[in-house]
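Next up, run-v3.cif (mmCIF, N, CA and C atoms and all ligand atoms):
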```
data_query
loop_
_atom_site.label_atom_id
_atom_site.label_comp_id
_atom_site.auth_asym_id
_atom_site.auth_seq_id
_atom_site.Cartn_x
_atom_site.Cartn_y
_atom_site.Cartn_z
N MET A 857 1.63 3.19 8.11
CA MET A 857 0.73 4.28 7.71
C MET A 857 -0.36 3.71 6.80
N PRO A 858 -1.56 4.11 7.05
CA PRO A 858 -2.66 3.54 6.26
C PRO A 858 -2.74 4.14 4.85
N ILE A 859 -3.09 3.31 3.93
CA ILE A 859 -3.39 3.78 2.58
C ILE A 859 -4.88 3.60 2.36
N TYR A 860 -5.52 4.69 2.01
CA TYR A 860 -6.94 4.61 1.70
C TYR A 860 -7.12 4.83 0.21
N GLU A 861 -8.13 4.20 -0.34
CA GLU A 861 -8.43 4.41 -1.74
C GLU A 861 -9.71 5.21 -1.88
N TYR A 862 -9.69 6.03 -2.91
CA TYR A 862 -10.82 6.92 -3.16
C TYR A 862 -11.21 6.82 -4.62
N GLN A 863 -12.47 7.16 -4.88
CA GLN A 863 -12.88 7.25 -6.27
C GLN A 863 -13.51 8.61 -6.50
N CYS A 864 -13.18 9.17 -7.65
CA CYS A 864 -13.74 10.44 -8.06
C CYS A 864 -15.10 10.21 -8.69
N HIS A 865 -16.10 10.90 -8.20
CA HIS A 865 -17.44 10.75 -8.78
C HIS A 865 -17.59 11.54 -10.07
N ASP A 866 -16.66 12.43 -10.32
CA ASP A 866 -16.76 13.22 -11.55
C ASP A 866 -16.22 12.45 -12.75
N CYS A 867 -15.04 11.84 -12.59
CA CYS A 867 -14.44 11.17 -13.74
C CYS A 867 -14.24 9.68 -13.53
N GLY A 868 -14.52 9.21 -12.33
CA GLY A 868 -14.41 7.78 -12.07
C GLY A 868 -13.01 7.31 -11.73
N HIS A 869 -12.08 8.23 -11.70
CA HIS A 869 -10.69 7.87 -11.41
C HIS A 869 -10.57 7.31 -9.99
N VAL A 870 -9.82 6.23 -9.88
CA VAL A 870 -9.56 5.64 -8.57
C VAL A 870 -8.12 5.93 -8.18
N PHE A 871 -7.93 6.41 -6.98
CA PHE A 871 -6.58 6.74 -6.55
C PHE A 871 -6.43 6.40 -5.08
N SER A 872 -5.19 6.33 -4.66
CA SER A 872 -4.95 6.01 -3.26
C SER A 872 -4.13 7.10 -2.63
N LYS A 873 -4.27 7.21 -1.34
CA LYS A 873 -3.53 8.24 -0.61
C LYS A 873 -2.97 7.61 0.65
N LEU A 874 -1.71 7.89 0.87
CA LEU A 874 -1.03 7.43 2.07
C LEU A 874 -1.18 8.49 3.15
N TRP A 875 -1.74 8.08 4.28
CA TRP A 875 -1.94 9.03 5.38
C TRP A 875 -0.90 8.78 6.45
N ARG A 876 -0.62 9.81 7.21
CA ARG A 876 0.40 9.63 8.23
C ARG A 876 -0.12 8.86 9.44
N SER A 877 -1.44 8.85 9.60
CA SER A 877 -2.00 8.06 10.69
C SER A 877 -3.45 7.75 10.37
N LEU A 878 -3.97 6.74 11.03
CA LEU A 878 -5.38 6.40 10.84
C LEU A 878 -6.28 7.56 11.19
N SER A 879 -5.98 8.23 12.29
CA SER A 879 -6.88 9.30 12.72
C SER A 879 -6.82 10.46 11.73
N ALA A 880 -5.66 10.72 11.16
CA ALA A 880 -5.57 11.78 10.15
C ALA A 880 -6.45 11.44 8.96
N ALA A 881 -6.41 10.18 8.56
CA ALA A 881 -7.22 9.76 7.41
C ALA A 881 -8.70 9.89 7.70
N GLN A 882 -9.07 9.58 8.91
CA GLN A 882 -10.49 9.58 9.23
C GLN A 882 -11.03 10.98 9.46
N GLU A 883 -10.15 11.86 9.91
CA GLU A 883 -10.63 13.21 10.23
C GLU A 883 -10.59 14.13 9.03
N ALA A 884 -9.70 13.86 8.09
CA ALA A 884 -9.56 14.75 6.95
C ALA A 884 -10.69 14.54 5.94
N ALA A 885 -10.97 15.57 5.19
CA ALA A 885 -11.90 15.43 4.07
C ALA A 885 -11.23 14.58 3.00
N PRO A 886 -12.05 13.91 2.17
CA PRO A 886 -11.44 13.16 1.07
C PRO A 886 -10.62 14.09 0.19
N PRO A 887 -9.46 13.64 -0.26
CA PRO A 887 -8.61 14.50 -1.09
C PRO A 887 -9.23 14.71 -2.46
N PRO A 888 -8.91 15.83 -3.11
CA PRO A 888 -9.43 16.06 -4.45
C PRO A 888 -8.83 15.08 -5.44
N CYS A 889 -9.54 14.90 -6.54
CA CYS A 889 -9.11 13.96 -7.57
C CYS A 889 -7.83 14.45 -8.23
N PRO A 890 -6.80 13.62 -8.29
CA PRO A 890 -5.55 14.04 -8.92
C PRO A 890 -5.66 14.10 -10.44
N GLN A 891 -6.71 13.50 -10.98
CA GLN A 891 -6.83 13.45 -12.43
C GLN A 891 -7.59 14.65 -12.98
N CYS A 892 -8.75 14.94 -12.38
CA CYS A 892 -9.55 16.05 -12.92
C CYS A 892 -9.66 17.20 -11.94
N GLY A 893 -9.16 17.03 -10.74
CA GLY A 893 -9.23 18.10 -9.76
C GLY A 893 -10.57 18.19 -9.05
N GLY A 894 -11.48 17.28 -9.39
CA GLY A 894 -12.81 17.31 -8.79
C GLY A 894 -12.75 17.03 -7.30
N GLU A 895 -13.69 17.62 -6.61
CA GLU A 895 -13.72 17.42 -5.16
C GLU A 895 -14.77 16.41 -4.74
N HIS A 896 -15.47 15.84 -5.71
CA HIS A 896 -16.49 14.85 -5.38
C HIS A 896 -15.88 13.46 -5.30
N THR A 897 -15.02 13.29 -4.33
CA THR A 897 -14.38 12.00 -4.16
C THR A 897 -14.92 11.34 -2.89
N ALA A 898 -14.85 10.04 -2.89
CA ALA A 898 -15.28 9.31 -1.70
C ALA A 898 -14.38 8.11 -1.51
N ARG A 899 -14.21 7.77 -0.28
CA ARG A 899 -13.37 6.63 0.01
C ARG A 899 -14.05 5.36 -0.50
N ILE A 900 -13.25 4.51 -1.09
CA ILE A 900 -13.74 3.22 -1.51
C ILE A 900 -13.63 2.27 -0.34
N VAL A 901 -14.67 1.56 -0.16
CA VAL A 901 -14.66 0.64 0.96
C VAL A 901 -14.80 -0.73 0.40
N SER A 902 -14.59 -1.38 1.13
CA SER A 902 -13.84 -2.34 1.84
C SER A 902 -14.62 -3.59 2.05
N ASN A 903 -15.82 -3.53 2.50
CA ASN A 903 -16.49 -4.80 2.81
C ASN A 903 -17.05 -5.40 1.54
N VAL A 904 -16.38 -6.41 1.05
CA VAL A 904 -16.72 -6.98 -0.24
C VAL A 904 -18.12 -7.58 -0.24
N ALA A 905 -18.51 -8.12 0.90
CA ALA A 905 -19.85 -8.71 0.97
C ALA A 905 -20.91 -7.66 0.70
N VAL A 906 -20.70 -6.46 1.20
CA VAL A 906 -21.64 -5.38 0.95
C VAL A 906 -21.55 -4.93 -0.49
N LEU A 907 -20.32 -4.72 -0.95
CA LEU A 907 -20.14 -4.17 -2.28
C LEU A 907 -20.53 -5.16 -3.37
N ASP A 908 -20.45 -6.43 -3.06
CA ASP A 908 -20.91 -7.43 -4.03
C ASP A 908 -22.34 -7.17 -4.46
N GLY A 909 -23.13 -6.67 -3.54
CA GLY A 909 -24.53 -6.41 -3.86
C GLY A 909 -24.73 -5.19 -4.74
N MET A 910 -23.71 -4.40 -4.93
CA MET A 910 -23.88 -3.18 -5.69
C MET A 910 -24.00 -3.44 -7.18
N GLY A 911 -23.25 -4.38 -7.67
CA GLY A 911 -23.23 -4.60 -9.11
C GLY A 911 -22.59 -3.43 -9.82
N GLY A 912 -22.34 -3.59 -11.08
CA GLY A 912 -21.93 -2.46 -11.89
C GLY A 912 -20.50 -2.00 -11.69
N LEU A 913 -19.75 -2.67 -10.86
CA LEU A 913 -18.35 -2.28 -10.73
C LEU A 913 -17.56 -2.81 -11.92
N THR A 914 -16.67 -2.00 -12.40
CA THR A 914 -15.77 -2.48 -13.44
C THR A 914 -14.73 -3.39 -12.79
N PRO A 915 -14.05 -4.19 -13.57
CA PRO A 915 -13.02 -5.06 -12.98
C PRO A 915 -11.98 -4.28 -12.19
N SER A 916 -11.56 -3.13 -12.68
CA SER A 916 -10.55 -2.38 -11.95
C SER A 916 -11.12 -1.82 -10.65
N GLU A 917 -12.37 -1.42 -10.67
CA GLU A 917 -13.00 -0.96 -9.44
C GLU A 917 -13.12 -2.10 -8.44
N GLN A 918 -13.52 -3.24 -8.96
CA GLN A 918 -13.66 -4.38 -8.06
C GLN A 918 -12.31 -4.78 -7.47
N ALA A 919 -11.28 -4.70 -8.29
CA ALA A 919 -9.94 -5.02 -7.80
C ALA A 919 -9.53 -4.04 -6.71
N ALA A 920 -9.85 -2.78 -6.92
CA ALA A 920 -9.52 -1.78 -5.91
C ALA A 920 -10.29 -2.06 -4.63
N VAL A 921 -11.53 -2.42 -4.76
CA VAL A 921 -12.35 -2.75 -3.60
C VAL A 921 -11.76 -3.95 -2.87
N ASN A 922 -11.36 -4.94 -3.64
CA ASN A 922 -10.81 -6.13 -3.01
C ASN A 922 -9.50 -5.84 -2.28
N ARG A 923 -8.67 -4.99 -2.92
CA ARG A 923 -7.41 -4.64 -2.25
C ARG A 923 -7.70 -3.89 -0.96
N GLN A 924 -8.65 -2.99 -1.06
CA GLN A 924 -9.01 -2.23 0.13
C GLN A 924 -9.53 -3.16 1.23
N ALA A 925 -10.30 -4.13 0.82
CA ALA A 925 -10.90 -5.03 1.80
C ALA A 925 -9.84 -5.82 2.55
N GLU A 926 -8.77 -6.10 1.88
CA GLU A 926 -7.72 -6.85 2.54
C GLU A 926 -7.03 -6.02 3.62
N ARG A 927 -6.98 -4.73 3.39
CA ARG A 927 -6.28 -3.88 4.34
C ARG A 927 -7.16 -3.39 5.45
N ASP A 928 -8.42 -3.33 5.19
CA ASP A 928 -9.25 -2.50 6.06
C ASP A 928 -10.65 -3.06 6.06
N ALA A 929 -11.09 -3.50 7.19
CA ALA A 929 -12.39 -4.17 7.26
C ALA A 929 -13.53 -3.22 7.58
N ARG A 930 -13.26 -1.94 7.64
CA ARG A 930 -14.34 -1.01 7.97
C ARG A 930 -15.31 -0.90 6.80
N ILE A 931 -16.54 -0.55 7.08
CA ILE A 931 -17.50 -0.38 5.99
C ILE A 931 -18.20 0.97 6.09
N LEU A 932 -18.65 1.42 4.95
CA LEU A 932 -19.39 2.67 4.90
C LEU A 932 -20.81 2.47 5.39
N PRO A 933 -21.38 3.51 5.93
CA PRO A 933 -22.81 3.44 6.19
C PRO A 933 -23.57 3.19 4.90
N LYS A 934 -24.69 2.52 5.03
CA LYS A 934 -25.46 2.17 3.85
C LYS A 934 -25.86 3.40 3.05
N SER A 935 -26.15 4.48 3.75
CA SER A 935 -26.56 5.70 3.04
C SER A 935 -25.46 6.19 2.11
N LYS A 936 -24.22 6.04 2.53
CA LYS A 936 -23.12 6.47 1.68
C LYS A 936 -22.99 5.57 0.46
N ILE A 937 -23.20 4.31 0.66
CA ILE A 937 -23.13 3.38 -0.46
C ILE A 937 -24.23 3.70 -1.46
N GLU A 938 -25.40 4.01 -0.95
CA GLU A 938 -26.51 4.38 -1.85
C GLU A 938 -26.14 5.62 -2.66
N ALA A 939 -25.54 6.57 -1.99
CA ALA A 939 -25.14 7.81 -2.67
C ALA A 939 -24.09 7.52 -3.74
N PHE A 940 -23.19 6.62 -3.41
CA PHE A 940 -22.16 6.24 -4.35
C PHE A 940 -22.77 5.58 -5.58
N ARG A 941 -23.72 4.68 -5.34
CA ARG A 941 -24.36 3.99 -6.46
C ARG A 941 -25.11 4.98 -7.34
N LYS A 942 -25.77 5.92 -6.70
CA LYS A 942 -26.56 6.90 -7.44
C LYS A 942 -25.62 7.75 -8.31
N ALA A 943 -24.53 8.15 -7.71
CA ALA A 943 -23.56 8.96 -8.45
C ALA A 943 -22.99 8.19 -9.63
N LYS A 944 -22.74 6.91 -9.41
CA LYS A 944 -22.22 6.08 -10.49
C LYS A 944 -23.22 6.05 -11.64
N ARG A 945 -24.48 5.86 -11.31
CA ARG A 945 -25.50 5.73 -12.35
C ARG A 945 -25.67 7.02 -13.12
N GLU A 946 -25.70 8.12 -12.38
CA GLU A 946 -26.00 9.40 -13.02
C GLU A 946 -24.78 10.01 -13.66
N GLY A 947 -23.65 9.83 -12.99
CA GLY A 947 -22.45 10.55 -13.40
C GLY A 947 -21.63 9.78 -14.36
N GLY A 948 -21.89 8.53 -14.29
CA GLY A 948 -20.96 7.90 -14.81
C GLY A 948 -20.33 7.00 -15.56
N LYS A 949 -19.63 7.09 -16.47
CA LYS A 949 -19.06 6.02 -17.27
C LYS A 949 -17.65 5.75 -16.75
ZN ZN B 1 -11.77 13.07 -11.24
#
```

I'd like the structure from this file rewritten - as structure tokens, please.
Amino acid sequence: MPIYEYQCHDCGHVFSKLWRSLSAAQEAAPPPCPQCGGEHTARIVSNVAVLDGMGGLTPSEQAAVNRQAERDARILPKSKIEAFRKAKREGGK
């Protein structure tokens, strides 16, 4: 069963969710944040080469990205990465 990692854009919490199947994970909406209950979560991806260019990741975020990359080579569309970066800048510590 695949484990996907997500980050909350509201509080920055990183969490993982075990899905019963790949298709379930891909079809479902991102789960709400278990820490603050926020629904602005997004899957953390995976392609380290892409994410290396983002900068600004904390060590724990980078570690999560690296773990994800080992499991899953899929990458987000660039537009999603841009949105993620923007949310990080505006939302976030
Ligand atoms: Zn949260």

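Across the model, the gap from CA of Ser935 in chain A to CA of Cys889 in chain A is 22.0 Å.
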
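If you look at CA of Leu878 in chain A and atom N of His896 in chain A, they are 21.6 Å away from each other.
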
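All residues, whether protein, DNA or RNA, that have an atom at most 5 Å from ligand ZN 1 (chain B) (counting all atoms listed in the file) are Cys864, Asp866, Cys867, Gly868, His869, Cys889, Gln891, Cys892, Gly893 and Gly894 of chain A.
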
Residues from the last selection, N, CA and C atoms, saved as a compact mmCIF listing (two decimals), in the frame of the given file:
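And here is the file that came out, again-v4.txt:
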```txt
# COMPACT_ATOMS: atom_id res chain seq x y z
N CYS A 864 -13.18 9.17 -7.65
CA CYS A 864 -13.74 10.44 -8.06
C CYS A 864 -15.10 10.21 -8.69
N ASP A 866 -16.66 12.43 -10.32
CA ASP A 866 -16.76 13.22 -11.55
C ASP A 866 -16.22 12.45 -12.75
N CYS A 867 -15.04 11.84 -12.59
CA CYS A 867 -14.44 11.17 -13.74
C CYS A 867 -14.24 9.68 -13.53
N GLY A 868 -14.52 9.21 -12.33
CA GLY A 868 -14.41 7.78 -12.07
C GLY A 868 -13.01 7.31 -11.73
N HIS A 869 -12.08 8.23 -11.70
CA HIS A 869 -10.69 7.87 -11.41
C HIS A 869 -10.57 7.31 -9.99
N CYS A 889 -9.54 14.90 -6.54
CA CYS A 889 -9.11 13.96 -7.57
C CYS A 889 -7.83 14.45 -8.23
N GLN A 891 -6.71 13.50 -10.98
CA GLN A 891 -6.83 13.45 -12.43
C GLN A 891 -7.59 14.65 -12.98
N CYS A 892 -8.75 14.94 -12.38
CA CYS A 892 -9.55 16.05 -12.92
C CYS A 892 -9.66 17.20 -11.94
N GLY A 893 -9.16 17.03 -10.74
CA GLY A 893 -9.23 18.10 -9.76
C GLY A 893 -10.57 18.19 -9.05
N GLY A 894 -11.48 17.28 -9.39
CA GLY A 894 -12.81 17.31 -8.79
C GLY A 894 -12.75 17.03 -7.30
```

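In terms of minimum interatomic distance to Val870 in chain A, A:Ala920 ranks closest within A:Ala920, A:Ile937, A:Ala925, A:Ala943, counting all atoms listed in the file.
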
- Task: For Arg899 in chain A, please output as JSON, numbers by chain all residues within 7 Å (counting all atoms listed in the file; exclusion window: fewer than 4 positions along the same chain).
- Result: {"A": [860, 861, 862, 863, 886]}

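The spacing separating CA of Arg876 in chain A from CA of Asn922 in chain A amounts to 22.4 Å.
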
- Task: Considering all atoms listed in the file, state which residue in the set A:Ser877, A:Ala898, A:Pro890, A:Arg941 is at the smallest distance from His865 in chain A.
- Result: A:Ala898
